[in-house]
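Colleague: See model-v2.cif below, with mmCIF, C-alpha atoms.
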```
data_protein
#
loop_
_atom_site.label_atom_id
_atom_site.label_comp_id
_atom_site.auth_asym_id
_atom_site.auth_seq_id
_atom_site.Cartn_x
_atom_site.Cartn_y
_atom_site.Cartn_z
CA MET A 1 15.16 -10.59 6.34
CA LYS A 2 14.37 -9.42 2.82
CA THR A 3 11.00 -9.96 1.22
CA GLN A 4 11.18 -11.87 -2.05
CA LYS A 5 8.68 -10.11 -4.25
CA LEU A 6 6.86 -11.44 -7.30
CA ILE A 7 5.92 -8.32 -9.27
CA PRO A 8 3.82 -8.68 -12.44
CA CYS A 9 3.92 -5.77 -14.88
CA VAL A 10 0.95 -4.36 -16.79
CA PHE A 11 1.45 -2.30 -19.97
CA ILE A 12 -1.37 0.18 -20.64
CA LYS A 13 -2.06 1.50 -24.12
CA ASN A 14 -5.36 3.22 -25.07
CA GLN A 15 -6.93 2.06 -21.79
CA HIS A 16 -6.19 -1.60 -22.54
CA ALA A 17 -3.48 -3.94 -21.27
CA VAL A 18 -1.07 -4.90 -24.03
CA VAL A 19 1.74 -7.45 -24.32
CA SER A 20 4.82 -5.27 -23.86
CA PHE A 21 6.69 -2.05 -24.67
CA SER A 22 7.10 -3.11 -28.30
CA ASP A 23 4.07 -5.37 -28.82
CA ASN A 24 0.78 -3.50 -28.50
CA THR A 25 -1.41 -6.57 -28.96
CA VAL A 26 -4.26 -6.35 -26.45
CA VAL A 27 -4.17 -9.07 -23.77
CA GLU A 28 -6.95 -7.65 -21.57
CA THR A 29 -9.49 -4.93 -22.35
CA ASP A 30 -9.91 -4.16 -18.63
CA PRO A 31 -6.53 -3.58 -16.90
CA LEU A 32 -8.26 -3.46 -13.50
CA ARG A 33 -9.46 -7.03 -14.00
CA LEU A 34 -5.89 -8.08 -14.84
CA VAL A 35 -4.45 -6.39 -11.75
CA LYS A 36 -7.10 -8.05 -9.56
CA TYR A 37 -6.14 -11.40 -11.08
CA TYR A 38 -2.52 -10.81 -10.09
CA GLU A 39 -3.62 -9.66 -6.63
CA ASN A 40 -5.69 -12.83 -6.14
CA SER A 41 -2.71 -14.87 -7.37
CA ASN A 42 -0.74 -13.53 -4.38
CA ALA A 43 1.55 -11.10 -6.18
CA ASN A 44 3.39 -8.67 -3.90
CA GLU A 45 3.16 -5.58 -6.11
CA VAL A 46 2.27 -4.63 -9.68
CA ILE A 47 4.18 -2.26 -11.96
CA ILE A 48 1.95 -0.35 -14.39
CA PHE A 49 3.71 1.06 -17.45
CA ASP A 50 1.84 3.88 -19.17
CA LEU A 51 2.64 3.65 -22.89
CA SER A 52 0.59 6.71 -23.88
CA LYS A 53 2.01 9.22 -26.35
CA THR A 54 -0.18 12.31 -25.99
CA ASP A 55 -1.08 14.43 -22.96
CA LYS A 56 -4.73 13.45 -23.35
CA GLU A 57 -3.88 9.73 -23.34
CA HIS A 58 -1.57 10.29 -20.38
CA GLU A 59 -4.34 11.93 -18.34
CA GLU A 60 -6.68 9.07 -19.19
CA SER A 61 -4.04 6.59 -18.04
CA ILE A 62 -3.61 8.48 -14.75
CA ASP A 63 -7.37 8.27 -14.18
CA LEU A 64 -7.29 4.53 -14.90
CA ILE A 65 -4.36 4.02 -12.50
CA HIS A 66 -6.26 6.00 -9.85
CA GLU A 67 -9.25 3.69 -10.29
CA ILE A 68 -7.02 0.62 -10.00
CA CYS A 69 -5.34 1.92 -6.83
CA GLU A 70 -8.73 2.51 -5.24
CA GLU A 71 -10.00 -0.97 -6.08
CA VAL A 72 -7.03 -3.12 -5.01
CA SER A 73 -4.97 -3.30 -1.83
CA ILE A 74 -1.81 -4.54 -3.54
CA PRO A 75 0.85 -1.77 -3.93
CA ILE A 76 1.03 -0.23 -7.40
CA ILE A 77 4.22 1.16 -8.93
CA GLY A 78 3.64 3.82 -11.58
CA ALA A 79 5.96 3.93 -14.59
CA GLY A 80 6.14 5.09 -18.19
CA ASN A 81 5.58 8.47 -19.85
CA ILE A 82 7.07 10.44 -16.95
CA GLU A 83 8.56 13.72 -18.12
CA ARG A 84 8.02 16.26 -15.34
CA MET A 85 7.74 16.53 -11.58
CA GLU A 86 3.99 16.98 -12.13
CA ASP A 87 3.76 13.50 -13.67
CA VAL A 88 5.35 11.96 -10.57
CA LYS A 89 3.04 13.91 -8.29
CA LYS A 90 -0.04 12.80 -10.22
CA LEU A 91 0.98 9.13 -10.02
CA LEU A 92 1.65 9.28 -6.28
CA TYR A 93 -1.54 11.23 -5.63
CA ALA A 94 -3.42 8.68 -7.75
CA GLY A 95 -2.40 6.07 -5.18
CA CYS A 96 0.86 4.61 -6.48
CA LYS A 97 3.19 3.61 -3.66
CA LYS A 98 6.27 4.30 -5.79
CA VAL A 99 7.22 5.66 -9.20
CA CYS A 100 9.79 4.34 -11.63
CA LEU A 101 11.98 6.79 -13.52
CA ASN A 102 13.56 5.84 -16.85
CA TYR A 103 17.29 6.56 -16.64
CA SER A 104 17.59 6.51 -20.40
CA LYS A 105 15.61 9.78 -20.49
CA GLU A 106 17.35 13.05 -19.72
CA SER A 107 14.19 14.56 -18.27
CA ASN A 108 13.99 11.78 -15.66
CA LEU A 109 17.57 12.39 -14.60
CA ASP A 110 16.86 16.09 -14.22
CA ILE A 111 13.88 15.64 -11.89
CA THR A 112 15.44 12.94 -9.68
CA PRO A 113 16.79 15.28 -6.94
CA GLU A 114 13.55 17.30 -6.74
CA VAL A 115 11.35 14.19 -6.59
CA SER A 116 13.56 12.50 -3.99
CA LYS A 117 13.69 15.55 -1.74
CA LYS A 118 9.94 16.13 -1.92
CA PHE A 119 8.65 12.56 -1.60
CA GLY A 120 11.62 10.59 -0.23
CA ARG A 121 14.14 8.29 -1.90
CA ASP A 122 12.06 5.28 -0.82
CA LYS A 123 9.40 6.40 -3.31
CA LEU A 124 11.80 6.20 -6.25
CA ILE A 125 12.82 3.31 -8.49
CA ALA A 126 15.31 3.89 -11.28
CA ALA A 127 15.04 1.74 -14.41
CA ILE A 128 18.54 0.86 -15.69
CA LYS A 129 19.12 -0.68 -19.12
CA ASP A 130 22.80 -1.66 -18.81
CA GLY A 131 25.89 -1.53 -16.65
CA ASN A 132 27.31 1.56 -18.32
CA GLU A 133 24.14 3.52 -17.59
CA PHE A 134 24.40 2.55 -13.92
CA LEU A 135 28.08 3.47 -13.77
CA PHE A 136 27.57 6.85 -15.46
CA HIS A 137 24.77 7.89 -13.07
CA LYS A 138 26.01 6.07 -9.98
CA ALA A 139 26.55 9.20 -7.85
CA LEU A 140 23.05 10.50 -8.59
CA LEU A 141 21.50 7.11 -7.84
CA LYS A 142 23.33 6.60 -4.55
CA GLU A 143 22.20 9.98 -3.24
CA TYR A 144 18.57 10.00 -4.33
CA VAL A 145 17.29 6.49 -5.19
CA GLU A 146 16.64 3.42 -3.03
CA THR A 147 15.66 0.75 -5.61
CA LEU A 148 16.94 -0.15 -9.05
CA LEU A 149 14.95 -1.93 -11.75
CA PHE A 150 17.29 -3.72 -14.15
CA ILE A 151 15.49 -3.90 -17.50
CA ASP A 152 18.12 -6.37 -18.67
CA ARG A 153 19.16 -9.08 -16.21
CA HIS A 154 22.67 -8.98 -17.64
CA ALA A 155 23.04 -5.42 -16.34
CA TYR A 156 22.58 -6.73 -12.80
CA LEU A 157 25.32 -9.28 -13.39
CA SER A 158 27.67 -6.80 -15.06
CA ASP A 159 31.05 -5.88 -13.61
CA GLU A 160 29.92 -2.26 -13.18
CA PHE A 161 27.50 -3.31 -10.42
CA THR A 162 29.47 -4.50 -7.39
CA ASP A 163 28.74 -5.81 -3.90
CA GLU A 164 29.53 -2.37 -2.50
CA ASP A 165 26.55 -0.84 -4.29
CA ASP A 166 23.83 -0.84 -1.61
CA PHE A 167 20.53 -0.84 -3.51
CA LYS A 168 17.38 -2.91 -3.45
CA CYS A 169 17.20 -4.59 -6.84
CA ILE A 170 14.31 -5.72 -9.04
CA ILE A 171 15.22 -7.81 -12.07
CA MET A 172 13.10 -7.91 -15.23
CA LEU A 173 13.14 -11.40 -16.75
CA ASN A 174 11.71 -12.33 -20.11
CA LYS A 175 9.64 -15.40 -20.87
CA GLU A 176 12.61 -17.45 -22.09
CA VAL A 177 13.95 -17.55 -18.51
CA SER A 178 12.94 -20.73 -16.70
CA LEU A 179 11.22 -20.82 -13.31
CA ASP A 180 14.29 -22.49 -11.82
CA LYS A 181 16.45 -19.63 -13.06
CA MET A 182 13.97 -17.11 -11.66
CA LEU A 183 14.25 -18.77 -8.23
CA GLU A 184 18.03 -18.51 -8.49
CA TYR A 185 17.72 -14.76 -8.96
CA LEU A 186 15.28 -14.43 -6.05
CA LYS A 187 17.78 -16.12 -3.73
CA MET A 188 20.52 -13.61 -4.58
CA ASP A 189 21.29 -11.33 -1.64
CA ARG A 190 20.56 -7.98 -3.26
CA VAL A 191 17.51 -9.05 -5.28
CA SER A 192 14.28 -7.97 -3.60
CA GLY A 193 11.95 -8.79 -6.48
CA ILE A 194 11.43 -10.23 -9.94
CA THR A 195 9.23 -8.75 -12.65
CA GLY A 196 8.71 -9.25 -16.38
CA HIS A 197 6.99 -11.84 -18.55
CA VAL A 198 8.32 -14.81 -16.61
CA VAL A 199 6.28 -13.49 -13.67
CA ASN A 200 3.23 -12.50 -15.74
CA ASP A 201 3.05 -15.83 -17.49
CA ASN A 202 3.35 -17.88 -14.31
CA ALA A 203 0.86 -16.12 -12.04
CA ASP A 204 -0.98 -19.41 -11.60
CA GLN A 205 2.25 -20.83 -10.14
CA PHE A 206 2.77 -18.18 -7.46
CA TYR A 207 1.58 -20.42 -4.63
CA SER A 208 3.88 -23.23 -5.74
CA LEU A 209 6.79 -20.81 -6.07
CA ARG A 210 6.18 -19.49 -2.58
CA GLU A 211 6.27 -23.03 -1.26
CA LEU A 212 9.79 -23.26 -2.63
CA MET A 213 10.73 -19.91 -1.05
CA VAL A 214 9.12 -20.36 2.38
CA ASP A 215 12.25 -21.88 3.91
CA SER A 216 14.00 -18.52 3.52
CA TYR A 217 11.75 -17.05 6.23
CA LYS A 218 12.28 -17.55 9.96
CA SER A 219 11.97 -21.24 10.75
CA PHE A 220 9.03 -22.24 12.91
CA SER A 221 11.38 -24.33 15.05
CA GLU A 222 13.14 -21.12 16.16
CA PHE A 223 10.04 -19.92 18.04
CA LYS A 224 9.36 -20.74 21.69
CA LEU A 225 6.25 -22.90 21.41
CA ASN A 226 3.63 -23.81 24.02
CA SER A 227 3.08 -27.36 25.30
CA ASP A 228 0.93 -28.10 22.23
CA GLY A 229 3.72 -27.10 19.85
CA MET A 230 1.92 -23.90 18.83
CA ILE A 231 2.46 -20.16 19.04
CA PRO A 232 -0.23 -17.49 19.69
CA CYS A 233 -0.78 -14.86 17.01
CA ILE A 234 -2.28 -11.44 17.80
CA VAL A 235 -4.06 -9.96 14.78
CA GLN A 236 -4.38 -6.22 14.12
CA ASP A 237 -6.05 -4.15 11.40
CA PHE A 238 -3.19 -2.77 9.31
CA LYS A 239 -4.87 0.62 8.84
CA THR A 240 -6.16 1.38 12.34
CA ASP A 241 -4.05 -0.93 14.56
CA GLU A 242 -7.31 -2.17 16.11
CA VAL A 243 -6.77 -5.56 17.79
CA LEU A 244 -9.09 -7.97 15.97
CA MET A 245 -8.49 -11.41 17.44
CA LEU A 246 -6.04 -13.94 18.85
CA ALA A 247 -5.52 -17.40 17.40
CA TYR A 248 -2.87 -20.12 17.37
CA MET A 249 -0.55 -21.40 14.67
CA ASN A 250 1.27 -24.67 14.27
CA GLU A 251 4.06 -25.13 11.75
CA GLU A 252 1.71 -26.07 8.92
CA SER A 253 -0.57 -23.06 9.39
CA TYR A 254 2.46 -20.76 9.75
CA LYS A 255 3.88 -21.93 6.44
CA LYS A 256 0.51 -21.79 4.69
CA THR A 257 0.06 -18.19 5.85
CA LEU A 258 3.44 -17.24 4.37
CA ILE A 259 2.73 -19.07 1.13
CA THR A 260 -0.83 -17.86 0.50
CA GLY A 261 -0.79 -14.45 2.17
CA ARG A 262 -4.09 -15.38 3.87
CA MET A 263 -4.14 -15.87 7.64
CA THR A 264 -4.34 -19.55 8.48
CA TYR A 265 -4.55 -20.95 12.01
CA PHE A 266 -4.87 -24.24 13.87
CA SER A 267 -8.14 -24.88 15.70
CA ARG A 268 -7.44 -26.58 19.01
CA SER A 269 -11.10 -27.43 19.55
CA ARG A 270 -11.59 -28.97 16.09
CA ASN A 271 -8.01 -30.22 15.81
CA GLU A 272 -7.68 -28.94 12.24
CA LEU A 273 -6.19 -26.22 10.08
CA TRP A 274 -8.48 -23.30 9.16
CA THR A 275 -8.03 -20.33 6.87
CA LYS A 276 -9.95 -17.33 8.16
CA GLY A 277 -12.74 -16.54 5.69
CA ASP A 278 -13.03 -19.88 3.91
CA THR A 279 -16.60 -20.32 5.21
CA SER A 280 -17.61 -16.72 5.96
CA GLY A 281 -15.78 -14.86 3.18
CA HIS A 282 -14.21 -12.67 5.89
CA TYR A 283 -10.63 -13.25 4.81
CA GLN A 284 -7.59 -11.72 6.45
CA PHE A 285 -4.88 -10.74 3.96
CA LEU A 286 -1.44 -10.63 5.54
CA LYS A 287 0.38 -7.28 5.42
CA SER A 288 3.16 -7.93 7.92
CA LEU A 289 4.19 -10.62 10.40
CA LYS A 290 6.51 -10.02 13.36
CA TYR A 291 7.56 -11.90 16.49
CA ASP A 292 8.22 -10.49 19.96
CA CYS A 293 11.42 -10.19 22.00
CA ASP A 294 10.93 -13.65 23.57
CA SER A 295 10.06 -15.32 20.25
CA ASP A 296 6.91 -16.75 21.82
CA THR A 297 4.19 -14.55 20.24
CA LEU A 298 3.43 -13.43 16.69
CA LEU A 299 1.89 -10.11 15.64
CA ALA A 300 0.11 -10.02 12.29
CA LYS A 301 -1.19 -6.89 10.61
CA VAL A 302 -3.92 -7.72 8.13
CA GLU A 303 -6.48 -6.33 5.76
CA GLN A 304 -9.69 -7.58 7.32
CA ILE A 305 -12.61 -8.31 5.00
CA GLY A 306 -15.87 -7.99 6.94
CA ALA A 307 -15.99 -8.98 10.59
CA ALA A 308 -13.13 -10.69 12.41
CA CYS A 309 -15.35 -12.27 15.08
CA HIS A 310 -17.67 -15.23 14.47
CA THR A 311 -20.38 -13.25 16.34
CA GLY A 312 -20.44 -10.68 13.54
CA ASN A 313 -18.59 -8.06 15.56
CA ARG A 314 -15.72 -6.25 13.88
CA THR A 315 -13.32 -7.43 16.61
CA CYS A 316 -13.43 -10.32 19.08
CA PHE A 317 -12.62 -7.89 21.90
CA PHE A 318 -15.99 -6.25 22.53
CA ASN A 319 -16.79 -7.40 26.09
CA ASP A 320 -15.98 -4.79 28.74
CA ILE A 321 -14.56 -5.62 32.17
CA VAL A 322 -13.21 -2.27 33.35
CA ILE A 323 -13.45 1.05 31.58
CA ASP A 324 -11.91 4.08 33.22
CA GLU A 325 -12.93 7.45 31.89
CA PHE A 326 -10.38 8.77 29.44
CA GLU A 327 -10.14 11.11 26.52
CA GLU A 328 -9.52 9.43 23.19
CA LYS A 329 -6.18 10.63 21.84
CA ASN A 330 -6.04 8.74 18.55
CA PRO A 331 -6.47 11.58 16.00
CA LEU A 332 -8.33 9.46 13.44
CA LEU A 333 -10.75 8.11 16.04
CA VAL A 334 -11.40 11.60 17.44
CA LEU A 335 -12.06 13.01 13.97
CA ASN A 336 -14.28 10.04 13.09
CA ASP A 337 -16.26 10.50 16.32
CA VAL A 338 -16.90 14.18 15.60
CA LEU A 339 -17.86 13.41 12.00
CA SER A 340 -20.26 10.72 13.27
CA VAL A 341 -21.98 13.29 15.51
CA ILE A 342 -22.30 15.65 12.54
CA HIS A 343 -23.83 12.84 10.43
CA ASP A 344 -26.24 12.08 13.28
CA ARG A 345 -27.36 15.72 13.35
CA LYS A 346 -27.94 15.48 9.61
CA LEU A 347 -30.16 12.41 10.02
CA HIS A 348 -31.77 13.43 13.32
CA PRO A 349 -32.02 17.24 13.49
CA LYS A 350 -31.88 18.79 16.95
CA ASP A 351 -33.47 22.10 17.92
CA GLY A 352 -30.90 24.80 18.55
CA SER A 353 -28.08 22.80 16.95
CA TYR A 354 -25.54 24.99 15.13
CA THR A 355 -24.74 22.02 12.89
CA ASN A 356 -28.37 21.79 11.80
CA TYR A 357 -28.40 25.55 11.26
CA LEU A 358 -25.54 25.11 8.78
CA PHE A 359 -27.27 22.19 7.04
CA ASP A 360 -30.45 24.28 6.73
CA LYS A 361 -28.57 27.24 5.25
CA GLY A 362 -26.96 25.04 2.62
CA ILE A 363 -23.56 24.57 1.05
CA ASP A 364 -22.92 28.24 0.21
CA LYS A 365 -23.11 29.12 3.91
CA VAL A 366 -20.79 26.27 4.83
CA LEU A 367 -18.27 27.26 2.14
CA LYS A 368 -18.36 30.84 3.40
CA LYS A 369 -17.62 29.64 6.95
CA VAL A 370 -14.76 27.41 5.76
CA GLY A 371 -13.22 30.42 4.01
CA GLU A 372 -13.68 32.64 7.04
CA GLU A 373 -12.15 30.11 9.40
CA ALA A 374 -9.17 29.61 7.07
CA THR A 375 -8.57 33.37 7.21
CA GLU A 376 -8.84 33.26 11.02
CA ILE A 377 -6.02 30.69 11.07
CA VAL A 378 -3.79 33.06 9.12
CA ILE A 379 -4.57 35.90 11.55
CA ALA A 380 -4.06 33.66 14.60
CA ALA A 381 -0.66 32.55 13.31
CA LYS A 382 0.47 36.17 13.62
CA ASN A 383 -0.78 36.35 17.21
CA PRO A 384 1.84 35.75 19.93
CA ASN A 385 -0.68 33.69 21.95
CA PRO A 386 -0.02 30.06 20.85
CA ASN A 387 -3.50 28.95 21.92
CA GLU A 388 -5.21 31.13 19.31
CA ILE A 389 -4.11 29.03 16.36
CA LYS A 390 -5.29 25.82 18.08
CA TYR A 391 -8.74 27.31 18.56
CA GLU A 392 -8.97 28.51 14.97
CA ILE A 393 -7.72 25.24 13.46
CA SER A 394 -10.34 23.39 15.53
CA ASP A 395 -13.09 25.70 14.24
CA PHE A 396 -11.81 25.25 10.70
CA LEU A 397 -11.78 21.43 10.96
CA TYR A 398 -15.30 21.39 12.36
CA HIS A 399 -16.66 23.39 9.42
CA VAL A 400 -14.66 21.23 7.00
CA MET A 401 -16.31 18.16 8.54
CA VAL A 402 -19.76 19.67 8.00
CA LEU A 403 -18.72 20.10 4.35
CA MET A 404 -17.48 16.48 4.29
CA ALA A 405 -20.84 15.28 5.62
CA MET A 406 -22.61 17.25 2.90
CA LYS A 407 -20.39 15.75 0.18
CA ASN A 408 -20.25 12.22 1.70
CA VAL A 409 -16.48 12.24 2.14
CA THR A 410 -14.98 10.10 4.93
CA TRP A 411 -11.85 10.60 7.00
CA GLU A 412 -10.59 7.25 5.79
CA GLU A 413 -10.69 8.56 2.21
CA ILE A 414 -8.85 11.70 3.29
CA MET A 415 -6.22 9.70 5.19
CA THR A 416 -5.74 7.42 2.18
CA GLU A 417 -5.25 10.46 -0.05
CA LEU A 418 -2.75 11.99 2.40
CA SER A 419 -0.81 8.74 2.73
CA ASN A 420 -0.54 8.60 -1.06
CA ARG A 421 1.24 11.95 -0.94
#
```
Written as structure tokens, how would this file's structure read?
Modeller:
Amino acid sequence: MKTQKLIPCVFIKNQHAVVSFSDNTVVETDPLRLVKYYENSNANEVIIFDLSKTDKEHEESIDLIHEICEEVSIPIIGAGNIERMEDVKKLLYAGCKKVCLNYSKESNLDITPEVSKKFGRDKLIAAIKDGNEFLFHKALLKEYVETLLFIDRHAYLSDEFTDEDDFKCIIMLNKEVSLDKMLEYLKMDRVSGITGHVVNDNADQFYSLRELMVDSYKSFSEFKLNSDGMIPCIVQDFKTDEVLMLAYMNEESYKKTLITGRMTYFSRSRNELWTKGDTSGHYQFLKSLKYDCDSDTLLAKVEQIGAACHTGNRTCFFNDIVIDEFEEKNPLLVLNDVLSVIHDRKLHPKDGSYTNYLFDKGIDKVLKKVGEEATEIVIAAKNPNPNEIKYEISDFLYHVMVLMAMKNVTWEEIMTELSNR
């Protein structure tokens, strides 16, 4: 089932948000504030067009986009002023989930194969201005690009674009298009999203629009319900897969969750609907919703704000019954555990601790050890004994973590940076 995306677009010029490509009237002096407004309005994604002209302005725009990506959880698509592979890399490393290439620019055509091979065709959107442009570059698009952005809605409807062309499609609609017409486009089979001024100007209507679209999702009546007419929903953290809680949904709470993007349940004890976070502020923002093979249980992955449990615990599952000894195999948890021990040594020095010895010697000593251990990895890679490289990589990671503790860098930040790449 396709997701019907409402995708506002933000045009950045001189660090401000302006009206459009051709109208540089400032609509918001702080683009981050505008993106947060769209995020709170329940937009699915935001496209940010960089309208800078000089390299200096471009670098400033990249920094601004990086700041926006760090402050919001909504996916950002980077677009505008892309000339080289380096521009794409900077946008993705800044946190953009995808980049949009302009197929009216020769330079963007030239870098398409390289970008697609390095980052994946799912990271690429191609902006098409008309049917002829699509037809002329069709072979290139089919091999390297997953999604098309039609700058002109008439290009999507043109004869050059046929049912055989298997692309995800985003349509840009101007403000003269009515909301009813926008809904018509959203219901078209190949359309995965709508962007443009008709979306920007109706952000306050997103909830109402989603009410009209909710029937396109799986019907609640298709689930196998319990005797109370409800279905259990297991809730996981979308980043760590940690199980946070279990609650129940009736049809009303199910639909409200889909419409608002905030997890809403039905309280059997209070006999009422409740949106998680309305009283505590600990909202759960929906990232994905699935059902199991028997259609009798839902699985939601969410962005959890604060604690999931009413006791103040991060998760409701904190009471032990049986714990067998085992070695943690989740790489992120293992790395976090080791980093936690290193932080503890920093706060509570221990006699004879090598970690404290490194802290006492200072950053130059730690940097020297990181360099030495990196060299040891290179040497070990030439050694026929496969265990050698495992030992050396472990030593290297340990010293890197001491450096991370010194510079207050977390593994979550590192994992976020890696996922952006």
Colleague: Can you translate the PyMOL selection byres ((chain A and resi 167-172) around 7) into the concrete residues it hits in this file, as a ChimeraX atom specification?
Modeller: /A:146-153,165-166,173-174,190-196
Colleague: Selected by the PyMOL selection byres ((chain A and resi 226) around 12) in the shown coordinates: which residues, as a ChimeraX atom specification?
Modeller: /A:221,223-225,227-232,248-250,295-297
Colleague: Report, in Å with one decimal, the straight-line distance from atom CA of A:Glu303 to atom CA of A:Phe285.
Modeller: 5.0 Å
Colleague: Find the residues near A:Leu209: any atom within 9 Å, counting all atoms listed in the file, skip ones fewer than 3 places away on the same chain, and give them as an mmCIF file with C-alpha atoms, in the coordinates of the input.
Modeller:
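Now in around.cif:
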```
data_model
loop_
_atom_site.group_PDB
_atom_site.id
_atom_site.type_symbol
_atom_site.label_atom_id
_atom_site.label_comp_id
_atom_site.auth_asym_id
_atom_site.auth_seq_id
_atom_site.Cartn_x
_atom_site.Cartn_y
_atom_site.Cartn_z
ATOM 1 C CA LEU A 179 11.220 -20.820 -13.310
ATOM 2 C CA LEU A 183 14.250 -18.770 -8.230
ATOM 3 C CA GLN A 205 2.250 -20.830 -10.140
ATOM 4 C CA PHE A 206 2.770 -18.180 -7.460
ATOM 5 C CA LEU A 212 9.790 -23.260 -2.630
ATOM 6 C CA MET A 213 10.730 -19.910 -1.050
ATOM 7 C CA VAL A 214 9.120 -20.360 2.380
ATOM 8 C CA ILE A 259 2.730 -19.070 1.130
#
```
Colleague: Selected by the PyMOL selection byres ((chain A and resi 317-322) around 12) in the shown coordinates: which residues, as a compact mmCIF listing (two decimals) with C-alpha atoms, in the frame of the given file?
Modeller:
```
# COMPACT_ATOMS: atom_id res chain seq x y z
CA ILE A 234 -2.28 -11.44 17.80
CA VAL A 235 -4.06 -9.96 14.78
CA GLN A 236 -4.38 -6.22 14.12
CA GLU A 242 -7.31 -2.17 16.11
CA VAL A 243 -6.77 -5.56 17.79
CA LEU A 244 -9.09 -7.97 15.97
CA MET A 245 -8.49 -11.41 17.44
CA LEU A 246 -6.04 -13.94 18.85
CA ALA A 307 -15.99 -8.98 10.59
CA ALA A 308 -13.13 -10.69 12.41
CA CYS A 309 -15.35 -12.27 15.08
CA HIS A 310 -17.67 -15.23 14.47
CA THR A 311 -20.38 -13.25 16.34
CA GLY A 312 -20.44 -10.68 13.54
CA ASN A 313 -18.59 -8.06 15.56
CA ARG A 314 -15.72 -6.25 13.88
CA THR A 315 -13.32 -7.43 16.61
CA CYS A 316 -13.43 -10.32 19.08
CA ILE A 323 -13.45 1.05 31.58
CA ASP A 324 -11.91 4.08 33.22
CA GLU A 325 -12.93 7.45 31.89
```
Colleague: Name the residues within 9 Å of (-15.6, 11.4, 12.3), counting only C-alpha atoms in the file's coordinates, and put them as a PyMOL selection string.
Modeller: chain A and resi 332-343+401+410-411
Colleague: Next, the residues of the selection above should be written as a compact mmCIF listing (two decimals), in the coordinates of the input with C-alpha atoms.
Modeller:
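And here's part05.txt as it stands now:
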```txt
# COMPACT_ATOMS: atom_id res chain seq x y z
CA LEU A 332 -8.33 9.46 13.44
CA LEU A 333 -10.75 8.11 16.04
CA VAL A 334 -11.40 11.60 17.44
CA LEU A 335 -12.06 13.01 13.97
CA ASN A 336 -14.28 10.04 13.09
CA ASP A 337 -16.26 10.50 16.32
CA VAL A 338 -16.90 14.18 15.60
CA LEU A 339 -17.86 13.41 12.00
CA SER A 340 -20.26 10.72 13.27
CA VAL A 341 -21.98 13.29 15.51
CA ILE A 342 -22.30 15.65 12.54
CA HIS A 343 -23.83 12.84 10.43
CA MET A 401 -16.31 18.16 8.54
CA THR A 410 -14.98 10.10 4.93
CA TRP A 411 -11.85 10.60 7.00
```
Colleague: What gap, in Å, lies between atom CA of A:Ser61 and atom CA of A:Glu106?
Modeller: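 Interatomic distance, atom CA of A:Ser61 to atom CA of A:Glu106: 22.4 Å.
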Colleague: Nearest residue to A:Ile414 out of A:Ala139, A:Ser269, A:Tyr93, A:Lys98, using all atoms listed in the file?
Modeller: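 The closest residue to A:Ile414 is A:Tyr93.
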Colleague: Could you check which of A:Thr112, A:Thr25, A:Asn42, A:Thr355 is closest to A:Pro8, using all atoms listed in the file?
Modeller: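 Checking each of A:Thr112, A:Thr25, A:Asn42, A:Thr355 against A:Pro8, counting all atoms listed in the file, the winner is A:Asn42.
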Colleague: Identify which of the residues A:Ser73, A:Ile62, A:Val19, A:Asn408 lies closest to A:Leu92, counting only C-alpha atoms when measuring atom-to-atom distances.
Modeller: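 Looking at the shortest contact to A:Leu92, the residue is A:Ile62.
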